[in-house]
Amino acid sequence: MAGTSSGMVAGLVAVAVGAVGLLAYQAEATVPASLRAPSASASPSVAATRAPRDRRHPTALPADSGRGERVVYSVDDDRVWLVDDRGRVTRTFGVRPGGVDPAPGSYWVTSRSHAVTGSDGVPVEHVVRFTAVDGVTVGFSAATRAAPAEPGSPRTGGIRETRPDGDAMWRFATIGVPVVVIR
């Protein structure tokens with residue numbers, strides 16, 4: 001009789017585990033892309049089209065730019081929004097992009113450096129990196145002095161901010177913070 005009871009329990013456990021797995025699969029299939037966890041590489045289905053803008057308030061956070069705490073970067077508008085965990089914009093500012101744009105999608109901050117020399121030879125600070133495109137690292141940084149790029153420098157993925165905006169980005173965008181790139 002003990003063998004029969006343990007066999008029934010094992011069978012019930014197997015059925016329960018299978019049911020939970022099926023429910024998890026079905027639940028994941030219904031989660032909107034804007035609520036899914038960010039991935040290390042771009043998700044072509046996320047923000048692939050230009051996010052709707054409020055024409056009366058061009059610096060307003062675009063709709064469909066994600067949820068929760070995140071950095072939103074518009075490659076078409078050359079603008080960044082720092083968004084807190086309640087969905088409120090804490091700061092927005094214009095940027096000067098490098099020659100390499102990241103694809104629209106969801107990323108996260110993967111590394112940071114306090115001060116380095118950019119690939120264009122310009123000293124930069126508060127570097128916040130989130131992806132690479134064809135071997136070119138892409139991230140936000142602030143030049144420490146006004147200096148033109150060195151002649152013949154490689155294409156750069158540095159998205160340049162002013163020093164005050166770079167300070168704000170540095171305080172906000174720690175390792176793991178989502179970065180949503182939109183058109």
# chains A, B, ... in the order shown; residues from 1 in each chain; ligands from 1
$ residues_around --residues "segment 129-137 of chain A" --least-positions-apart "5" --cutoff "7 Å" --atoms "only C-alpha atoms" --output "PyMOL selection string"
chain A and resi 102+107-112+156-157
$ closest_residue --among "A:Val89, A:Val72, A:Pro164, A:Pro58" --to "Pro104 of chain A" --atoms "only C-alpha atoms"
A:Val72
$ select_by_dssp --residues "segment 83-169 of chain A" --states "strand (DSSP E or B)" --output "ChimeraX atom specification"
/A:83,89-94,96,105-108,111-117,123-133,136-143,157-161
$ atom_distance --atom1 "atom CA of Asp165 of chain A" --atom2 "atom CA of Phe140 of chain A"
10.0 Å
$ atom_distance --atom1 "atom CA of Arg70 of chain A" --atom2 "atom CA of Thr144 of chain A"
25.2 Å
$ closest_residue --among "A:Arg86, A:His126, A:Arg79, A:Arg171" --to "Gly66 of chain A" --atoms "only C-alpha atoms"
A:Arg86
$ residues_around --residues "Val95 of chain A" --least-positions-apart "5" --cutoff "8 Å" --atoms "only C-alpha atoms" --output "PDB file with all heavy atoms, in the first residue's frame"
ATOM      1  N   ASP A  78      17.510  63.067 -30.542  1.00  0.00           N
ATOM      2  CA  ASP A  78      18.737  63.353 -29.786  1.00  0.00           C
ATOM      3  C   ASP A  78      18.386  63.887 -28.397  1.00  0.00           C
ATOM      4  O   ASP A  78      18.856  64.930 -27.955  1.00  0.00           O
ATOM      5  CB  ASP A  78      19.629  64.357 -30.527  1.00  0.00           C
ATOM      6  CG  ASP A  78      20.092  63.831 -31.874  1.00  0.00           C
ATOM      7  OD1 ASP A  78      20.241  62.596 -32.012  1.00  0.00           O
ATOM      8  OD2 ASP A  78      20.294  64.645 -32.797  1.00  0.00           O
ATOM      9  N   ARG A  79      17.534  63.123 -27.696  1.00  0.00           N
ATOM     10  CA  ARG A  79      17.044  63.528 -26.380  1.00  0.00           C
ATOM     11  C   ARG A  79      17.039  62.327 -25.458  1.00  0.00           C
ATOM     12  O   ARG A  79      16.806  61.203 -25.875  1.00  0.00           O
ATOM     13  CB  ARG A  79      15.645  64.125 -26.478  1.00  0.00           C
ATOM     14  CG  ARG A  79      15.047  64.499 -25.118  1.00  0.00           C
ATOM     15  CD  ARG A  79      13.976  65.549 -25.219  1.00  0.00           C
ATOM     16  NE  ARG A  79      14.497  66.852 -25.622  1.00  0.00           N
ATOM     17  CZ  ARG A  79      15.095  67.721 -24.800  1.00  0.00           C
ATOM     18  NH1 ARG A  79      15.252  67.443 -23.523  1.00  0.00           N
ATOM     19  NH2 ARG A  79      15.522  68.879 -25.245  1.00  0.00           N
ATOM     20  N   VAL A  80      17.277  62.599 -24.170  1.00  0.00           N
ATOM     21  CA  VAL A  80      17.271  61.583 -23.118  1.00  0.00           C
ATOM     22  C   VAL A  80      16.276  62.003 -22.043  1.00  0.00           C
ATOM     23  O   VAL A  80      16.152  63.187 -21.733  1.00  0.00           O
ATOM     24  CB  VAL A  80      18.683  61.433 -22.497  1.00  0.00           C
ATOM     25  CG1 VAL A  80      18.647  60.598 -21.226  1.00  0.00           C
ATOM     26  CG2 VAL A  80      19.643  60.822 -23.504  1.00  0.00           C
ATOM     27  N   ILE A 159      27.557  58.977 -26.833  1.00  0.00           N
ATOM     28  CA  ILE A 159      26.428  59.902 -26.876  1.00  0.00           C
ATOM     29  C   ILE A 159      26.777  60.985 -25.864  1.00  0.00           C
ATOM     30  O   ILE A 159      26.761  60.741 -24.662  1.00  0.00           O
ATOM     31  CB  ILE A 159      25.113  59.188 -26.514  1.00  0.00           C
ATOM     32  CG1 ILE A 159      24.877  58.009 -27.468  1.00  0.00           C
ATOM     33  CG2 ILE A 159      23.945  60.168 -26.529  1.00  0.00           C
ATOM     34  CD1 ILE A 159      23.878  56.995 -26.949  1.00  0.00           C
ATOM     35  N   ARG A 160      27.150  62.169 -26.360  1.00  0.00           N
ATOM     36  CA  ARG A 160      27.708  63.202 -25.502  1.00  0.00           C
ATOM     37  C   ARG A 160      26.637  64.069 -24.862  1.00  0.00           C
ATOM     38  O   ARG A 160      25.693  64.502 -25.503  1.00  0.00           O
ATOM     39  CB  ARG A 160      28.690  64.071 -26.281  1.00  0.00           C
ATOM     40  CG  ARG A 160      29.913  63.304 -26.751  1.00  0.00           C
ATOM     41  CD  ARG A 160      30.800  62.921 -25.567  1.00  0.00           C
ATOM     42  NE  ARG A 160      31.770  61.900 -25.888  1.00  0.00           N
ATOM     43  CZ  ARG A 160      32.900  62.085 -26.542  1.00  0.00           C
ATOM     44  NH1 ARG A 160      33.213  63.284 -26.962  1.00  0.00           N
ATOM     45  NH2 ARG A 160      33.713  61.079 -26.769  1.00  0.00           N
ATOM     46  N   GLU A 161      26.867  64.314 -23.563  1.00  0.00           N
ATOM     47  CA  GLU A 161      25.995  65.151 -22.742  1.00  0.00           C
ATOM     48  C   GLU A 161      26.813  66.338 -22.250  1.00  0.00           C
ATOM     49  O   GLU A 161      28.034  66.304 -22.300  1.00  0.00           O
ATOM     50  CB  GLU A 161      25.541  64.370 -21.502  1.00  0.00           C
ATOM     51  CG  GLU A 161      25.020  62.997 -21.794  1.00  0.00           C
ATOM     52  CD  GLU A 161      25.182  62.028 -20.623  1.00  0.00           C
ATOM     53  OE1 GLU A 161      26.269  61.943 -20.027  1.00  0.00           O
ATOM     54  OE2 GLU A 161      24.187  61.363 -20.322  1.00  0.00           O
ATOM     55  N   THR A 162      26.138  67.345 -21.715  1.00  0.00           N
ATOM     56  CA  THR A 162      26.856  68.413 -21.020  1.00  0.00           C
ATOM     57  C   THR A 162      27.366  67.819 -19.699  1.00  0.00           C
ATOM     58  O   THR A 162      26.880  66.762 -19.257  1.00  0.00           O
ATOM     59  CB  THR A 162      25.940  69.611 -20.716  1.00  0.00           C
ATOM     60  OG1 THR A 162      24.927  69.180 -19.787  1.00  0.00           O
ATOM     61  CG2 THR A 162      25.317  70.172 -21.990  1.00  0.00           C
TER      62      THR A 162
END
$ residues_around --residues "Trp170 of chain A" --least-positions-apart "2" --cutoff "9 Å" --atoms "only C-alpha atoms" --output "MDAnalysis selection string"
chainID A and resid 112 114 126:128 141 165:168 172:174
$ closest_residue --among "A:Ala63, A:Ile182, A:Leu82, A:Met169" --to "Ser106 of chain A" --atoms "only C-alpha atoms"
A:Ile182
$ atom_distance --atom1 "atom CA of Ser119 of chain A" --atom2 "atom CA of Arg91 of chain A"
27.1 Å
